[in-house]
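One structure is given here, and the rest of the page talks about it.
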Amino acid sequence: MGVRRTLNVDEVLARQDSGELKRRLRGRDLVGFGVGIIIGTGIFTLAGVEAKTHAGPAVTLSFVLGAVVAGLAALCYAELASSVPTAGSAYTYAFATLGEVFAWIIGWDLLLEFALGAAVVSRGWSGYLANLLGLSPAWFGEDAKVNVGAVLIIAVLTVVAVLGIKESAWLTNLLVCVKVAVCILVLAVGLFFVKGANLTPFIPPAQAPPGGSTVLEQPIVQAALGLEQSVYGIAGMITAAAVVFFAYTGFEALANLGEETLNPRKDLRVGILGALGVCALLYIGVSIVLTGMIPFTDIDTGAPLADAFDRVGQHWVGALISLGAVTGLTSVMMVELVTIGRIGYAMGRDGLLPKALGTAHPRWGTPHRMTIGGAVLIAVLAAFIPISELADMVSIGALSAMIIVAVAVPVLRRRRPDLDRPFSVPFSPVVPVLAALACLYLMLNLNVLTWIRFAAWLVIGLVIYFAYGRRHSRFAPGADVSPKRTD
């Protein structure tokens, strides 16, 4: 059926000179994009949610574990991104190593990851805006039946994403400066209000989940082994790590900007590894401060950091945090919208999605059709689906993508040992194998319902692939998927 047909790496490299996408990004822009997408809901919302529901103060260890797994995966991304810079990132790597059907699966997963990620962040943005300005909970925040605030911010950012990559980078860098300053403020002021009693016990004893949760809400590894459902303890800490891994997703988005970077062979690896390291330190520090300021059972899941400072009488800090969260989460959505456009562009260019999506606007040099189409989907999801249900799906999509990227590293080394690699994963294939196994283990700690939803997404994707993508692929007999520039 041709599902194992692969792209030629030399052809992928030659695409960089097509001129469809504009090379306008420098190293500092990539760092801004990296920090811009990584620091977001994870630090402003998920840290509090997972501390209260799964891990207690041990959510700090959850962030450490997530950072280790993300670091292993980042090494694999850094090698492939610097060696084969392309708009499709993991999708193209899979196409060049494992075959077309794997490329489709990974591209489909990436669209899931970034679409749901933007939806999660837009809902968090709406909640912090309501906290900052005292807006009606009927239209803003997690209690709204239709989250109007989330829909509005997606609409505004879509316009910026379509107008140009440099405009998107300028806005992102500005917002990043604000939210990093807020994170430093949280650490500097919050340390004075940390109480040792709030951090004891650091790993709360395991207990039955409140509210009589069903087997569908149990981590799949517990369900498979017939273990009793529980929260907190070591199992709760690992479950939280699987969820807060979402907080580290985004560094892989930089790999999608290879065709728009002036010096991709150098700047991509610096952006990926550097941004991840900085963000990991900030996450760990802020999670310690948050759980040390107030008992984890009292954490507000809507705006955890702002509420924590309000509870200790530092209302001015709470207001600044809400402002920082609003600006910081805006940068995350900005990068996610940009990334969705590039993934869909690469898939359309190869014929796996309609070829109209594989075109760039002649004036703005952006994949405008895919960006707008993705934004519509994101807005619908953000309007109706709660953060907790969306975040788990983002994590499983990101982890599955990282497994394939880790596998692609030793496969490409074997197939193309002559390929120039500005950065190489140390101790390959040991490190890529460890990265794949670590990602798989975190996936197994997500709940059964998340796996069912993920399986349904994959089935839908495979139906689309066999009904459309395989027959319209650039490798299908007689197929014409040459991208055409359109107004």
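In the structure tokens, the first chain shown is A, the next is B, and so on; residue numbers restart at 1 for each chain, and ligands run from 1 in the order shown.
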
message: For the alpha helix (DSSP H) assignment from backbone DSSP, which residues of region 372-458 of chain A qualify? Please present them as a ChimeraX atom specification.
response: /A:372-384,387-415,430-444,448-458

Based on the selection just made, write C-alpha atoms of those residues as a PDB file, in the first residue's frame.
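After the write, part.pdb holds the following:
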```pdb
ATOM      1  CA  ILE A 372      -6.927  30.187  10.198  1.00  0.00           C
ATOM      2  CA  GLY A 373      -8.404  26.675   9.986  1.00  0.00           C
ATOM      3  CA  GLY A 374      -6.507  25.577  13.096  1.00  0.00           C
ATOM      4  CA  ALA A 375      -7.628  28.693  14.953  1.00  0.00           C
ATOM      5  CA  VAL A 376     -11.292  27.927  14.277  1.00  0.00           C
ATOM      6  CA  LEU A 377     -10.879  24.438  15.772  1.00  0.00           C
ATOM      7  CA  ILE A 378      -9.027  25.834  18.790  1.00  0.00           C
ATOM      8  CA  ALA A 379     -11.719  28.428  19.442  1.00  0.00           C
ATOM      9  CA  VAL A 380     -14.466  25.782  19.442  1.00  0.00           C
ATOM     10  CA  LEU A 381     -12.527  23.566  21.874  1.00  0.00           C
ATOM     11  CA  ALA A 382     -11.637  26.478  24.152  1.00  0.00           C
ATOM     12  CA  ALA A 383     -15.221  27.649  24.315  1.00  0.00           C
ATOM     13  CA  PHE A 384     -16.634  24.458  25.809  1.00  0.00           C
ATOM     14  CA  ILE A 387      -8.707  22.684  31.206  1.00  0.00           C
ATOM     15  CA  SER A 388      -8.294  19.395  33.090  1.00  0.00           C
ATOM     16  CA  GLU A 389      -9.691  17.310  30.232  1.00  0.00           C
ATOM     17  CA  LEU A 390      -7.643  19.149  27.608  1.00  0.00           C
ATOM     18  CA  ALA A 391      -4.278  19.063  29.416  1.00  0.00           C
ATOM     19  CA  ASP A 392      -4.087  15.264  29.635  1.00  0.00           C
ATOM     20  CA  MET A 393      -4.672  14.988  25.887  1.00  0.00           C
ATOM     21  CA  VAL A 394      -1.913  17.503  25.182  1.00  0.00           C
ATOM     22  CA  SER A 395       0.526  15.470  27.265  1.00  0.00           C
ATOM     23  CA  ILE A 396      -0.244  12.165  25.558  1.00  0.00           C
ATOM     24  CA  GLY A 397       0.026  13.754  22.109  1.00  0.00           C
ATOM     25  CA  ALA A 398       3.382  15.348  22.942  1.00  0.00           C
ATOM     26  CA  LEU A 399       4.789  12.188  24.528  1.00  0.00           C
ATOM     27  CA  SER A 400       3.819  10.001  21.579  1.00  0.00           C
ATOM     28  CA  ALA A 401       5.494  12.470  19.200  1.00  0.00           C
ATOM     29  CA  MET A 402       8.662  12.451  21.262  1.00  0.00           C
ATOM     30  CA  ILE A 403       8.843   8.654  21.192  1.00  0.00           C
ATOM     31  CA  ILE A 404       8.933   8.685  17.406  1.00  0.00           C
ATOM     32  CA  VAL A 405      11.531  11.474  17.351  1.00  0.00           C
ATOM     33  CA  ALA A 406      13.747   9.465  19.724  1.00  0.00           C
ATOM     34  CA  VAL A 407      13.445   6.401  17.467  1.00  0.00           C
ATOM     35  CA  ALA A 408      14.214   8.512  14.387  1.00  0.00           C
ATOM     36  CA  VAL A 409      17.654   9.552  15.708  1.00  0.00           C
ATOM     37  CA  PRO A 410      19.404   6.125  15.503  1.00  0.00           C
ATOM     38  CA  VAL A 411      17.429   5.191  12.358  1.00  0.00           C
ATOM     39  CA  LEU A 412      18.630   8.299  10.504  1.00  0.00           C
ATOM     40  CA  ARG A 413      22.188   7.742  11.736  1.00  0.00           C
ATOM     41  CA  ARG A 414      22.116   4.264  10.252  1.00  0.00           C
ATOM     42  CA  ARG A 415      20.564   5.353   6.959  1.00  0.00           C
ATOM     43  CA  VAL A 430      21.329   4.585  24.578  1.00  0.00           C
ATOM     44  CA  VAL A 431      20.022   8.118  25.226  1.00  0.00           C
ATOM     45  CA  PRO A 432      17.346   7.984  22.470  1.00  0.00           C
ATOM     46  CA  VAL A 433      16.149   4.602  23.796  1.00  0.00           C
ATOM     47  CA  LEU A 434      15.985   5.979  27.345  1.00  0.00           C
ATOM     48  CA  ALA A 435      14.067   8.999  26.062  1.00  0.00           C
ATOM     49  CA  ALA A 436      11.523   6.771  24.291  1.00  0.00           C
ATOM     50  CA  LEU A 437      11.057   4.513  27.331  1.00  0.00           C
ATOM     51  CA  ALA A 438      10.716   7.463  29.718  1.00  0.00           C
ATOM     52  CA  CYS A 439       8.067   9.068  27.499  1.00  0.00           C
ATOM     53  CA  LEU A 440       6.198   5.760  27.279  1.00  0.00           C
ATOM     54  CA  TYR A 441       6.246   5.366  31.069  1.00  0.00           C
ATOM     55  CA  LEU A 442       4.756   8.832  31.577  1.00  0.00           C
ATOM     56  CA  MET A 443       2.093   8.007  28.990  1.00  0.00           C
ATOM     57  CA  LEU A 444       1.141   4.917  31.008  1.00  0.00           C
ATOM     58  CA  VAL A 448      -7.746   5.348  30.956  1.00  0.00           C
ATOM     59  CA  LEU A 449     -10.181   7.917  29.570  1.00  0.00           C
ATOM     60  CA  THR A 450      -7.298   9.919  28.085  1.00  0.00           C
ATOM     61  CA  TRP A 451      -6.038   6.773  26.343  1.00  0.00           C
ATOM     62  CA  ILE A 452      -9.508   6.047  24.973  1.00  0.00           C
ATOM     63  CA  ARG A 453      -9.782   9.575  23.585  1.00  0.00           C
ATOM     64  CA  PHE A 454      -6.264   9.319  22.156  1.00  0.00           C
ATOM     65  CA  ALA A 455      -7.085   6.001  20.484  1.00  0.00           C
ATOM     66  CA  ALA A 456     -10.236   7.534  18.996  1.00  0.00           C
ATOM     67  CA  TRP A 457      -8.166  10.438  17.631  1.00  0.00           C
ATOM     68  CA  LEU A 458      -5.703   8.007  16.038  1.00  0.00           C
TER      69      LEU A 458
END
```

- request: Tell me, as JSON, numbers by chain, which residues lie within 12 Å of His315 (chain A), counting only C-alpha atoms; anything in the same chain fewer than 5 positions away does not count.
  value: {"A": [131, 132, 189, 305, 306, 307, 308, 309, 310, 320, 321, 322]}

Just the residues within 9 Å of region 67-83 of chain A, please, counting only C-alpha atoms, with nothing from its chain fewer than 3 positions along; format it as an mmCIF file with N, CA and C atoms, in the first residue's frame.
```
data_model
loop_
_atom_site.group_PDB
_atom_site.id
_atom_site.type_symbol
_atom_site.label_atom_id
_atom_site.label_comp_id
_atom_site.auth_asym_id
_atom_site.auth_seq_id
_atom_site.Cartn_x
_atom_site.Cartn_y
_atom_site.Cartn_z
ATOM 1 N N LEU A 13 16.231 18.866 2.582
ATOM 2 C CA LEU A 13 17.185 19.960 2.751
ATOM 3 C C LEU A 13 17.063 20.990 1.626
ATOM 4 N N SER A 62 7.504 16.332 40.610
ATOM 5 C CA SER A 62 6.844 16.053 39.325
ATOM 6 C C SER A 62 7.460 16.905 38.227
ATOM 7 N N PHE A 63 7.730 18.169 38.550
ATOM 8 C CA PHE A 63 8.353 19.048 37.572
ATOM 9 C C PHE A 63 9.795 18.623 37.281
ATOM 10 N N VAL A 64 10.501 18.122 38.300
ATOM 11 C CA VAL A 64 11.862 17.631 38.085
ATOM 12 C C VAL A 64 11.848 16.433 37.153
ATOM 13 N N THR A 86 13.520 22.018 9.032
ATOM 14 C CA THR A 86 12.349 21.965 8.159
ATOM 15 C C THR A 86 11.119 22.464 8.890
ATOM 16 N N SER A 89 9.197 19.563 11.314
ATOM 17 C CA SER A 89 9.823 18.982 12.505
ATOM 18 C C SER A 89 9.614 17.472 12.580
ATOM 19 N N ALA A 90 9.030 16.980 13.676
ATOM 20 C CA ALA A 90 8.921 15.535 13.912
ATOM 21 C C ALA A 90 8.180 14.820 12.788
ATOM 22 N N TYR A 93 10.765 14.335 10.102
ATOM 23 C CA TYR A 93 11.771 13.376 10.532
ATOM 24 C C TYR A 93 11.239 11.944 10.388
ATOM 25 N N PHE A 245 3.933 17.412 32.434
ATOM 26 C CA PHE A 245 4.823 17.343 31.269
ATOM 27 C C PHE A 245 4.319 18.293 30.188
ATOM 28 N N TYR A 248 6.157 21.452 29.768
ATOM 29 C CA TYR A 248 7.419 21.493 29.036
ATOM 30 C C TYR A 248 7.225 21.371 27.529
ATOM 31 N N THR A 249 6.032 20.969 27.125
ATOM 32 C CA THR A 249 5.807 20.863 25.689
ATOM 33 C C THR A 249 5.905 22.255 25.076
ATOM 34 N N PHE A 251 8.985 23.243 23.436
ATOM 35 C CA PHE A 251 10.340 23.407 22.929
ATOM 36 C C PHE A 251 10.461 22.785 21.543
ATOM 37 N N GLU A 252 9.659 21.733 21.287
ATOM 38 C CA GLU A 252 9.705 21.088 19.980
ATOM 39 C C GLU A 252 9.113 21.969 18.884
ATOM 40 N N LEU A 254 10.035 24.869 18.227
ATOM 41 C CA LEU A 254 11.139 25.572 17.577
ATOM 42 C C LEU A 254 11.646 24.814 16.355
ATOM 43 N N ALA A 255 11.551 23.471 16.411
ATOM 44 C CA ALA A 255 12.028 22.669 15.288
ATOM 45 C C ALA A 255 11.211 22.916 14.027
ATOM 46 N N ASN A 256 10.002 23.476 14.177
ATOM 47 C CA ASN A 256 9.164 23.768 13.021
ATOM 48 C C ASN A 256 9.550 25.063 12.320
ATOM 49 N N GLY A 258 12.600 25.849 11.213
ATOM 50 C CA GLY A 258 13.872 25.692 10.526
ATOM 51 C C GLY A 258 13.954 26.425 9.199
ATOM 52 N N PRO A 264 19.821 28.171 10.876
ATOM 53 C CA PRO A 264 19.170 27.081 11.628
ATOM 54 C C PRO A 264 20.134 26.062 12.203
ATOM 55 N N ARG A 265 21.251 25.816 11.566
ATOM 56 C CA ARG A 265 22.150 24.756 12.008
ATOM 57 C C ARG A 265 22.780 25.081 13.365
ATOM 58 N N LYS A 266 22.866 26.346 13.701
ATOM 59 C CA LYS A 266 23.414 26.753 14.994
ATOM 60 C C LYS A 266 22.318 27.137 15.971
ATOM 61 N N ASP A 267 21.409 27.986 15.522
ATOM 62 C CA ASP A 267 20.465 28.608 16.448
ATOM 63 C C ASP A 267 19.377 27.664 16.956
ATOM 64 N N LEU A 268 19.002 26.655 16.166
ATOM 65 C CA LEU A 268 17.922 25.770 16.597
ATOM 66 C C LEU A 268 18.295 24.980 17.847
ATOM 67 N N ARG A 269 19.496 24.413 17.869
ATOM 68 C CA ARG A 269 19.868 23.611 19.042
ATOM 69 C C ARG A 269 20.043 24.491 20.279
ATOM 70 N N VAL A 270 20.559 25.702 20.089
ATOM 71 C CA VAL A 270 20.714 26.625 21.220
ATOM 72 C C VAL A 270 19.344 27.011 21.766
ATOM 73 N N GLY A 271 18.417 27.314 20.872
ATOM 74 C CA GLY A 271 17.079 27.705 21.296
ATOM 75 C C GLY A 271 16.357 26.593 22.042
ATOM 76 N N ILE A 272 16.428 25.359 21.522
ATOM 77 C CA ILE A 272 15.716 24.235 22.132
ATOM 78 C C ILE A 272 16.264 23.910 23.518
ATOM 79 N N LEU A 273 17.577 23.706 23.623
ATOM 80 C CA LEU A 273 18.170 23.283 24.895
ATOM 81 C C LEU A 273 18.220 24.427 25.905
ATOM 82 N N LEU A 276 14.621 25.296 27.316
ATOM 83 C CA LEU A 276 14.133 24.248 28.213
ATOM 84 C C LEU A 276 14.828 24.328 29.571
ATOM 85 N N GLY A 277 16.136 24.554 29.592
ATOM 86 C CA GLY A 277 16.861 24.636 30.856
ATOM 87 C C GLY A 277 16.403 25.794 31.724
ATOM 88 N N ALA A 280 12.832 25.082 33.106
ATOM 89 C CA ALA A 280 12.790 24.052 34.137
ATOM 90 C C ALA A 280 13.139 24.644 35.503
ATOM 91 N N MET A 402 7.274 12.516 20.832
ATOM 92 C CA MET A 402 8.662 12.451 21.262
ATOM 93 C C MET A 402 9.229 11.038 21.170
ATOM 94 N N ILE A 403 8.391 10.042 21.352
ATOM 95 C CA ILE A 403 8.843 8.654 21.192
ATOM 96 C C ILE A 403 9.329 8.424 19.765
ATOM 97 N N VAL A 405 10.322 10.690 17.600
ATOM 98 C CA VAL A 405 11.531 11.474 17.351
ATOM 99 C C VAL A 405 12.757 10.757 17.911
ATOM 100 N N ALA A 406 12.620 10.191 19.117
ATOM 101 C CA ALA A 406 13.747 9.465 19.724
ATOM 102 C C ALA A 406 14.146 8.269 18.866
ATOM 103 N N VAL A 407 13.154 7.555 18.330
ATOM 104 C CA VAL A 407 13.445 6.401 17.467
ATOM 105 C C VAL A 407 14.101 6.860 16.163
ATOM 106 N N ALA A 408 13.699 8.032 15.669
ATOM 107 C CA ALA A 408 14.214 8.512 14.387
ATOM 108 C C ALA A 408 15.711 8.827 14.426
ATOM 109 N N VAL A 409 16.234 9.180 15.616
ATOM 110 C CA VAL A 409 17.654 9.552 15.708
ATOM 111 C C VAL A 409 18.576 8.407 15.295
ATOM 112 N N LEU A 412 18.028 7.398 11.479
ATOM 113 C CA LEU A 412 18.630 8.299 10.504
ATOM 114 C C LEU A 412 20.153 8.182 10.516
ATOM 115 N N LEU A 419 25.507 12.264 6.857
ATOM 116 C CA LEU A 419 24.804 13.538 7.039
ATOM 117 C C LEU A 419 25.556 14.422 8.030
ATOM 118 N N ASP A 420 25.724 15.695 7.680
ATOM 119 C CA ASP A 420 26.393 16.639 8.571
ATOM 120 C C ASP A 420 25.507 16.915 9.775
ATOM 121 N N ARG A 421 26.004 16.639 10.977
ATOM 122 C CA ARG A 421 25.238 16.821 12.206
ATOM 123 C C ARG A 421 25.941 17.848 13.093
ATOM 124 N N PRO A 422 25.480 19.113 13.062
ATOM 125 C CA PRO A 422 26.107 20.137 13.905
ATOM 126 C C PRO A 422 26.023 19.809 15.393
ATOM 127 N N PHE A 423 24.985 19.046 15.779
ATOM 128 C CA PHE A 423 24.855 18.587 17.160
ATOM 129 C C PHE A 423 24.488 17.108 17.132
ATOM 130 N N SER A 424 25.120 16.320 18.004
ATOM 131 C CA SER A 424 24.849 14.888 18.063
ATOM 132 C C SER A 424 24.456 14.494 19.479
ATOM 133 N N VAL A 425 23.421 13.669 19.595
ATOM 134 C CA VAL A 425 23.016 13.162 20.902
ATOM 135 C C VAL A 425 24.144 12.300 21.462
ATOM 136 N N PRO A 426 24.598 12.567 22.679
ATOM 137 C CA PRO A 426 25.673 11.739 23.249
ATOM 138 C C PRO A 426 25.175 10.325 23.571
ATOM 139 N N VAL A 431 20.837 6.974 24.805
ATOM 140 C CA VAL A 431 20.022 8.118 25.226
ATOM 141 C C VAL A 431 18.689 8.175 24.480
ATOM 142 N N PRO A 432 18.653 8.009 23.140
ATOM 143 C CA PRO A 432 17.346 7.984 22.470
ATOM 144 C C PRO A 432 16.423 6.870 22.982
ATOM 145 N N LEU A 434 16.452 5.544 26.027
ATOM 146 C CA LEU A 434 15.985 5.979 27.345
ATOM 147 C C LEU A 434 14.898 7.043 27.217
ATOM 148 N N ALA A 435 15.076 7.958 26.276
ATOM 149 C CA ALA A 435 14.067 8.999 26.062
ATOM 150 C C ALA A 435 12.730 8.383 25.658
ATOM 151 N N ALA A 436 12.763 7.417 24.744
ATOM 152 C CA ALA A 436 11.523 6.771 24.291
ATOM 153 C C ALA A 436 10.853 6.022 25.430
ATOM 154 N N ALA A 438 11.196 6.523 28.708
ATOM 155 C CA ALA A 438 10.716 7.463 29.718
ATOM 156 C C ALA A 438 9.399 8.111 29.289
ATOM 157 N N CYS A 439 9.311 8.485 28.020
ATOM 158 C CA CYS A 439 8.067 9.068 27.499
ATOM 159 C C CYS A 439 6.928 8.057 27.572
ATOM 160 N N LEU A 442 5.641 7.728 31.187
ATOM 161 C CA LEU A 442 4.756 8.832 31.577
ATOM 162 C C LEU A 442 3.389 8.680 30.912
#
```
